[in-house]
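Visitor: Pasting start16.txt here (compact mmCIF, C-alpha atoms):
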```
# COMPACT_ATOMS: atom_id res chain seq x y z
CA LEU A 19 226.29 278.04 41.49
CA PRO A 20 229.33 277.51 43.76
CA SER A 21 232.63 278.71 42.33
CA GLU A 22 234.16 275.43 43.49
CA ILE A 23 232.44 273.73 40.57
CA GLY A 24 235.44 274.78 38.50
CA SER A 25 237.55 272.19 40.31
CA LEU A 26 235.63 269.27 38.75
CA ASN A 27 238.20 268.94 36.01
CA LYS A 28 236.82 265.68 34.57
CA LEU A 29 233.22 266.88 34.32
CA LYS A 30 231.66 266.40 30.88
CA PHE A 31 227.99 267.26 31.47
CA LEU A 32 226.47 269.80 33.87
CA ILE A 33 222.68 269.82 33.82
CA LEU A 34 220.90 272.01 36.35
CA SER A 35 217.88 273.13 34.35
CA LYS A 36 214.53 274.09 35.90
CA ASN A 37 215.74 274.94 39.37
CA SER A 38 215.86 278.19 41.30
CA LEU A 39 219.54 278.98 40.91
CA SER A 40 220.26 282.66 41.32
CA SER A 41 223.15 285.09 41.32
CA THR A 42 225.74 284.79 38.54
CA ILE A 43 227.46 282.08 36.52
CA PRO A 44 230.91 281.75 38.17
CA SER A 45 233.93 282.50 36.00
CA SER A 46 235.49 279.28 37.31
CA ILE A 47 233.22 277.37 34.97
CA GLY A 48 235.76 278.21 32.29
CA LYS A 49 238.14 275.70 33.91
CA LEU A 50 235.94 272.75 32.91
CA LYS A 51 237.98 272.00 29.81
CA TYR A 52 236.27 268.69 29.05
CA LEU A 53 232.72 269.97 29.41
CA GLN A 54 230.53 268.90 26.48
CA GLY A 55 227.09 269.85 27.73
CA LEU A 56 226.06 272.83 29.88
CA ASN A 57 222.34 273.19 30.56
CA LEU A 58 221.24 275.92 33.00
CA HIS A 59 217.86 276.49 31.34
CA LYS A 60 215.04 278.08 33.35
CA ASN A 61 216.71 279.39 36.46
CA GLN A 62 217.14 282.90 37.87
CA LEU A 63 220.72 283.54 36.83
CA SER A 64 221.57 287.18 36.24
CA LEU A 65 224.25 289.64 35.17
CA THR A 66 226.61 288.77 32.33
CA ILE A 67 227.85 285.52 30.81
CA PRO A 68 231.44 285.15 32.05
CA THR A 69 234.02 285.57 29.30
CA GLU A 70 235.74 282.39 30.47
CA LEU A 71 232.73 280.30 29.44
CA TRP A 72 233.40 281.03 25.77
CA ASN A 73 236.73 279.16 26.07
CA LEU A 74 235.03 275.78 26.54
CA GLY A 75 236.07 274.45 23.16
CA ASP A 76 234.64 270.94 23.73
CA LEU A 77 231.07 272.15 24.27
CA HIS A 78 228.42 270.57 22.05
CA LEU A 79 225.42 272.01 23.90
CA LEU A 80 225.12 275.41 25.58
CA ASP A 81 221.70 276.17 27.05
CA LEU A 82 221.38 279.31 29.17
CA SER A 83 217.82 280.04 28.07
CA ASP A 84 215.01 281.48 30.20
CA ASN A 85 217.13 283.29 32.76
CA ASN A 86 217.82 286.97 33.51
CA LEU A 87 221.21 287.25 31.83
CA SER A 88 222.24 290.62 30.43
CA GLY A 89 225.21 292.15 28.67
CA THR A 90 226.50 291.02 25.30
CA ILE A 91 227.68 287.89 23.50
CA SER A 92 231.47 287.96 23.59
CA THR A 93 233.51 287.83 20.40
CA TRP A 94 235.11 284.79 22.04
CA ILE A 95 232.03 282.80 21.03
CA GLY A 96 234.10 281.83 17.99
CA ASN A 97 236.11 279.53 20.28
CA LEU A 98 233.18 277.10 20.52
CA VAL A 99 234.33 275.26 17.42
CA ASP A 100 232.46 271.99 18.22
CA VAL A 101 229.20 273.43 19.48
CA LYS A 102 226.04 272.12 17.79
CA ASP A 103 223.25 273.71 19.81
CA ILE A 104 223.17 277.17 21.43
CA GLN A 105 220.04 278.23 23.34
CA LEU A 106 220.14 281.79 24.66
CA TRP A 107 216.49 282.72 24.24
CA GLY A 108 214.46 284.43 26.94
CA ASN A 109 217.14 286.65 28.50
CA ASN A 110 218.05 290.34 28.42
CA LEU A 111 221.13 290.02 26.24
CA GLY A 112 221.69 292.93 23.90
CA SER A 113 223.89 294.97 21.60
CA ARG A 114 225.07 293.70 18.22
CA LEU A 115 225.64 290.06 17.41
CA PRO A 116 229.37 289.42 16.87
CA SER A 117 230.61 288.38 13.44
CA GLU A 118 232.56 285.59 15.17
CA ILE A 119 229.32 283.57 15.19
CA GLY A 120 230.41 282.70 11.66
CA LYS A 121 233.17 280.50 13.13
CA LEU A 122 230.69 278.01 14.60
CA LYS A 123 231.03 275.59 11.68
CA GLU A 124 229.40 272.62 13.47
CA ILE A 125 226.32 274.42 14.74
CA HIS A 126 222.86 273.05 13.95
CA THR A 127 220.63 275.27 16.12
CA LEU A 128 221.08 278.88 17.20
CA ASP A 129 218.15 280.27 19.21
CA LEU A 130 218.45 283.92 20.23
CA GLN A 131 214.80 284.94 20.39
CA GLU A 132 213.29 287.12 23.10
CA ASN A 133 216.34 289.23 23.89
CA LYS A 134 217.41 292.81 23.14
CA PHE A 135 219.83 292.31 20.26
CA SER A 136 220.08 295.21 17.82
CA GLY A 137 221.75 296.09 14.55
CA PRO A 138 222.02 293.76 11.53
CA LEU A 139 222.41 290.02 11.44
CA PRO A 140 226.08 289.22 10.75
CA SER A 141 226.58 288.20 7.13
CA GLU A 142 229.06 285.59 8.37
CA ILE A 143 226.13 283.44 9.50
CA GLY A 144 225.69 282.57 5.84
CA SER A 145 228.85 280.44 5.98
CA LEU A 146 227.36 278.05 8.57
CA ASN A 147 226.58 275.24 6.15
CA LYS A 148 225.34 272.82 8.86
CA LEU A 149 222.87 275.29 10.38
CA LYS A 150 219.33 273.91 10.48
CA PHE A 151 217.49 276.34 12.76
CA LEU A 152 218.16 280.05 13.24
CA ILE A 153 215.72 281.86 15.50
CA SER A 154 216.21 285.55 16.28
CA SER A 155 212.59 286.62 16.71
CA LYS A 156 211.50 289.21 19.27
CA ASN A 157 214.61 291.39 19.25
CA SER A 158 215.42 294.81 17.78
CA LEU A 159 217.37 293.65 14.75
CA THR A 160 217.47 295.98 11.75
CA SER A 161 218.66 296.31 8.15
CA THR A 162 218.00 293.65 5.51
CA ILE A 163 218.38 289.88 5.46
CA PRO A 164 222.02 289.26 4.40
CA SER A 165 222.43 287.95 0.85
CA SER A 166 224.88 285.39 2.25
CA PHE A 167 221.87 283.52 3.71
CA SER A 168 221.33 282.15 0.22
CA SER A 169 224.11 279.66 1.09
CA LEU A 170 222.26 278.17 4.08
CA ASN A 171 221.46 274.98 2.21
CA GLU A 172 220.61 272.95 5.34
CA ILE A 173 218.34 275.56 6.96
CA ARG A 174 214.91 274.16 7.89
CA GLY A 175 213.51 276.80 10.20
CA LEU A 176 214.19 280.55 10.07
CA GLY A 177 212.56 282.80 12.65
CA LEU A 178 213.01 286.53 12.05
CA GLY A 179 209.64 287.80 13.27
CA CYS A 180 209.05 290.80 15.50
CA ASN A 181 212.15 292.81 14.66
CA SER A 182 212.72 295.88 12.50
CA PHE A 183 214.02 294.25 9.32
CA SER A 184 213.29 296.22 6.17
CA GLY A 185 213.53 296.01 2.39
CA THR A 186 211.92 293.34 0.24
CA VAL A 187 211.72 289.69 1.22
CA PRO A 188 214.67 288.12 -0.64
CA THR A 189 213.70 285.70 -3.39
CA PHE A 190 216.43 283.28 -2.36
CA LEU A 191 214.68 282.47 0.94
CA VAL A 192 211.88 280.55 -0.75
CA LEU A 193 214.42 278.79 -2.97
CA LEU A 194 216.32 277.18 -0.08
CA ASP A 195 215.67 273.47 -0.59
CA GLU A 196 215.36 272.39 3.06
CA LEU A 197 213.51 275.44 4.40
CA ASN A 198 209.93 274.64 5.38
CA LYS A 199 209.20 277.06 8.19
CA LEU A 200 209.79 280.80 7.78
CA ASP A 201 208.63 283.61 10.08
CA ILE A 202 209.09 287.21 8.91
CA GLY A 203 205.98 288.70 10.52
CA SER A 204 205.92 292.00 12.44
CA ASN A 205 208.80 293.65 10.57
CA LYS A 206 209.09 296.47 8.04
CA PHE A 207 209.36 294.46 4.85
CA THR A 208 207.85 295.87 1.67
CA GLY A 209 206.80 294.44 -1.67
CA ILE A 210 204.51 291.64 -2.81
CA LEU A 211 205.03 288.00 -1.93
CA GLN A 212 205.75 285.56 -4.74
CA SER A 213 202.77 283.53 -5.93
CA ASP A 214 204.75 280.28 -5.70
CA VAL A 215 206.00 280.90 -2.16
CA CYS A 216 204.20 277.78 -0.86
CA ASP A 217 205.78 275.32 -3.24
CA ASP A 218 208.18 274.19 -0.52
CA LEU A 219 207.19 276.04 2.66
CA GLU A 220 204.79 274.43 5.13
CA VAL A 221 204.48 277.45 7.42
CA PHE A 222 205.10 281.04 6.38
CA ALA A 223 204.34 283.58 9.14
CA VAL A 224 203.81 287.08 7.75
CA ASP A 225 202.19 290.35 8.67
CA CYS A 226 198.42 289.92 8.86
CA GLU A 227 197.74 292.17 5.87
CA ASN A 228 199.67 289.69 3.71
CA SER A 229 198.25 286.53 5.29
CA SER A 230 195.81 285.96 2.42
CA SER A 231 198.58 286.14 -0.17
CA CYS A 232 199.38 282.42 -0.12
CA ASP A 233 197.95 279.11 1.07
CA CYS A 234 200.72 278.47 3.61
CA CYS A 235 200.73 282.02 5.00
CA LYS A 236 199.86 282.44 8.67
CA CYS A 237 198.91 285.74 10.25
CA ASP A 238 201.48 286.80 12.86
CA GLY A 239 200.45 290.14 14.25
CA ASN A 240 201.23 289.39 17.88
CA CYS A 241 204.92 288.43 17.75
CA SER A 242 204.27 284.74 18.28
CA THR A 243 206.97 282.45 19.64
CA PHE A 244 208.87 280.57 16.95
CA THR A 245 209.12 276.89 17.83
CA PRO A 246 211.76 275.02 15.77
CA GLY A 247 210.67 271.92 13.92
CA THR A 248 210.36 270.52 10.45
CA SER A 249 206.59 270.64 10.39
CA GLY A 250 205.56 272.70 13.40
CA GLU A 251 203.43 275.77 13.76
CA VAL A 252 204.21 279.21 15.08
CA SER A 253 203.10 279.02 18.68
CA SER A 254 200.89 281.62 20.27
CA ASP A 255 202.21 280.62 23.69
CA ASP A 256 204.27 283.32 25.36
CA SER A 257 206.73 280.70 26.58
CA SER A 258 209.65 279.42 24.49
CA GLU A 259 210.05 276.35 26.64
CA ASP A 260 209.38 273.94 23.77
CA SER A 261 212.35 275.30 21.84
CA SER A 262 214.83 274.02 24.36
```
Since I need it in another form, could you write the structure as structure tokens?
Guide:
Amino acid sequence: LPSEIGSLNKLKFLILSKNSLSSTIPSSIGKLKYLQGLNLHKNQLSLTIPTELWNLGDLHLLDLSDNNLSGTISTWIGNLVDVKDIQLWGNNLGSRLPSEIGKLKEIHTLDLQENKFSGPLPSEIGSLNKLKFLISSKNSLTSTIPSSFSSLNEIRGLGLGCNSFSGTVPTFLVLLDELNKLDIGSNKFTGILQSDVCDDLEVFAVDCENSSSCDCCKCDGNCSTFTPGTSGEVSSDDSSEDSS
């Protein structure tokens, strides 16, 4: 991407997905103050996400998925106060997720799967009352599912599979009114699943030894890709392309 792109000060949408762009995202992109949509999905971009990008307060869509980006998510992510859709899946991003994610009050979809994130999920995510899809499968996340997630009243799809979460599966997850697709397979959860777990869930991906515990339970022993949707299945495809 040429650094001169930062001089396009009236640009609202930049869509360059599915090309062969390489090198880094230029820091000058942070000058595009009116940018509402940035889609660089499926390129060969590498190194870190420039800090300046997190200052684009008018962004509604940020899609940097399926690249070779590394480093961390800046605490400045909290500046994206109007963002509705963040797609960062399929990169090499790592370290802990910043608590500032809890400032994204307009967000509907947050897809972080297939990265190298570690540590616990920030409890602040539970305050995102417009969040519909949270996908953090295929990382190295640990600890328990935050109790604050009981406030995610709009959540429809929750992908937590293929991490290192532990403890019992919280009862409140199956009580969330809008939730119909839940993936907790390939973790370190303990305990017995509730007998009424399928009252509202359409798809419940669990470890294979628990797959016979309920009618809606699906065996997920191979860290399947979580595809967001209100009535979808957990895909066995290695690609996350359909989640963009």
Visitor: Go ahead and compute the interatomic distance for CA of Gly24 in chain A and CA of Leu74 in chain A, in Å to one decimal.
Guide: 12.0 Å
Visitor: List as CSV every residue of range 148-188 of chain A that is in contact with range 192-207 of chain A, defined as an atom at most 9 Å from one of its atoms (using all atoms listed in the file), together with the nearest atom pair and the distance in Å rounded to one decimal, sorted by chain and then rising number.
Guide:
```
residue,atom,partner,partner_atom,distance
A:Lys150,CA,A:Glu196,CA,8.6
A:Ser155,CA,A:Asp201,CA,8.3
A:Thr162,CA,A:Phe207,CA,8.7
A:Ser168,CA,A:Leu194,CA,7.1
A:Ser169,CA,A:Leu194,CA,8.3
A:Leu170,CA,A:Leu194,CA,7.3
A:Asn171,CA,A:Leu194,CA,6.0
A:Glu172,CA,A:Glu196,CA,5.8
A:Ile173,CA,A:Leu197,CA,5.5
A:Arg174,CA,A:Leu197,CA,4.0
A:Gly175,CA,A:Lys199,CA,4.8
A:Leu176,CA,A:Leu200,CA,5.0
A:Gly177,CA,A:Asp201,CA,4.8
A:Leu178,CA,A:Ile202,CA,5.1
A:Gly179,CA,A:Ile202,CA,4.4
A:Cys180,CA,A:Ser204,CA,4.5
A:Asn181,CA,A:Asn205,CA,5.4
A:Ser182,CA,A:Asn205,CA,4.9
A:Phe183,CA,A:Asn205,CA,5.4
A:Ser184,CA,A:Phe207,CA,4.5
A:Gly185,CA,A:Phe207,CA,5.1
A:Thr186,CA,A:Phe207,CA,5.4
A:Val187,CA,A:Phe207,CA,6.4
A:Pro188,CA,A:Val192,CA,8.1
```
Visitor: Which residue gives the smallest distance to Ile91 in chain A among A:Cys235, A:Leu39, A:Cys241, A:Leu111, with only C-alpha atoms counted?
Guide: A:Leu111
Visitor: Quick one: distance from CA of Asn73 in chain A to CA of Leu98 in chain A in Å, one decimal?
Guide: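 Separation between CA of Asn73 in chain A and CA of Leu98 in chain A: 6.9 Å.
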Visitor: List the spatial neighbours of range 56-66 of chain A as a PyMOL selection string - criterion: any atom at most 6 Å away, only C-alpha atoms, same-chain residues fewer than 5 positions off excluded.
Guide: chain A and resi 32-42+80-89
Visitor: Just the number, please: distance in Å from CA of Gly75 in chain A to CA of Ile95 in chain A, one decimal.
Guide: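 Straight-line distance from CA of Gly75 in chain A to CA of Ile95 in chain A works out to 9.5 Å.
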Visitor: Find the spatial neighbours of Asp103 in chain A, counting all atoms listed in the file, within a cut-off of 10 Å - ignore same-chain residues fewer than 3 positions away - and output them as a PDB file with C-alpha atoms, in the frame of the given file.
Guide:
```
ATOM      1  CA  GLY A  55     227.090 269.850  27.730  1.00  0.00           C
ATOM      2  CA  LEU A  77     231.070 272.150  24.270  1.00  0.00           C
ATOM      3  CA  HIS A  78     228.420 270.570  22.050  1.00  0.00           C
ATOM      4  CA  LEU A  79     225.420 272.010  23.900  1.00  0.00           C
ATOM      5  CA  LEU A  80     225.120 275.410  25.580  1.00  0.00           C
ATOM      6  CA  ASP A  81     221.700 276.170  27.050  1.00  0.00           C
ATOM      7  CA  ASP A 100     232.460 271.990  18.220  1.00  0.00           C
ATOM      8  CA  LEU A 106     220.140 281.790  24.660  1.00  0.00           C
ATOM      9  CA  GLU A 124     229.400 272.620  13.470  1.00  0.00           C
ATOM     10  CA  ILE A 125     226.320 274.420  14.740  1.00  0.00           C
ATOM     11  CA  HIS A 126     222.860 273.050  13.950  1.00  0.00           C
ATOM     12  CA  THR A 127     220.630 275.270  16.120  1.00  0.00           C
ATOM     13  CA  LEU A 128     221.080 278.880  17.200  1.00  0.00           C
ATOM     14  CA  ASP A 129     218.150 280.270  19.210  1.00  0.00           C
ATOM     15  CA  LEU A 149     222.870 275.290  10.380  1.00  0.00           C
ATOM     16  CA  PHE A 151     217.490 276.340  12.760  1.00  0.00           C
ATOM     17  CA  SER A 262     214.830 274.020  24.360  1.00  0.00           C
TER      18      SER A 262
END
```
Visitor: Counting only C-alpha atoms, which residue out of A:Ser113, A:Glu118, A:Phe31, A:Asn147 sits closest to Asp76 in chain A?
Guide: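 Comparing A:Ser113, A:Glu118, A:Phe31, A:Asn147 against Asp76 in chain A, the winner is A:Phe31.
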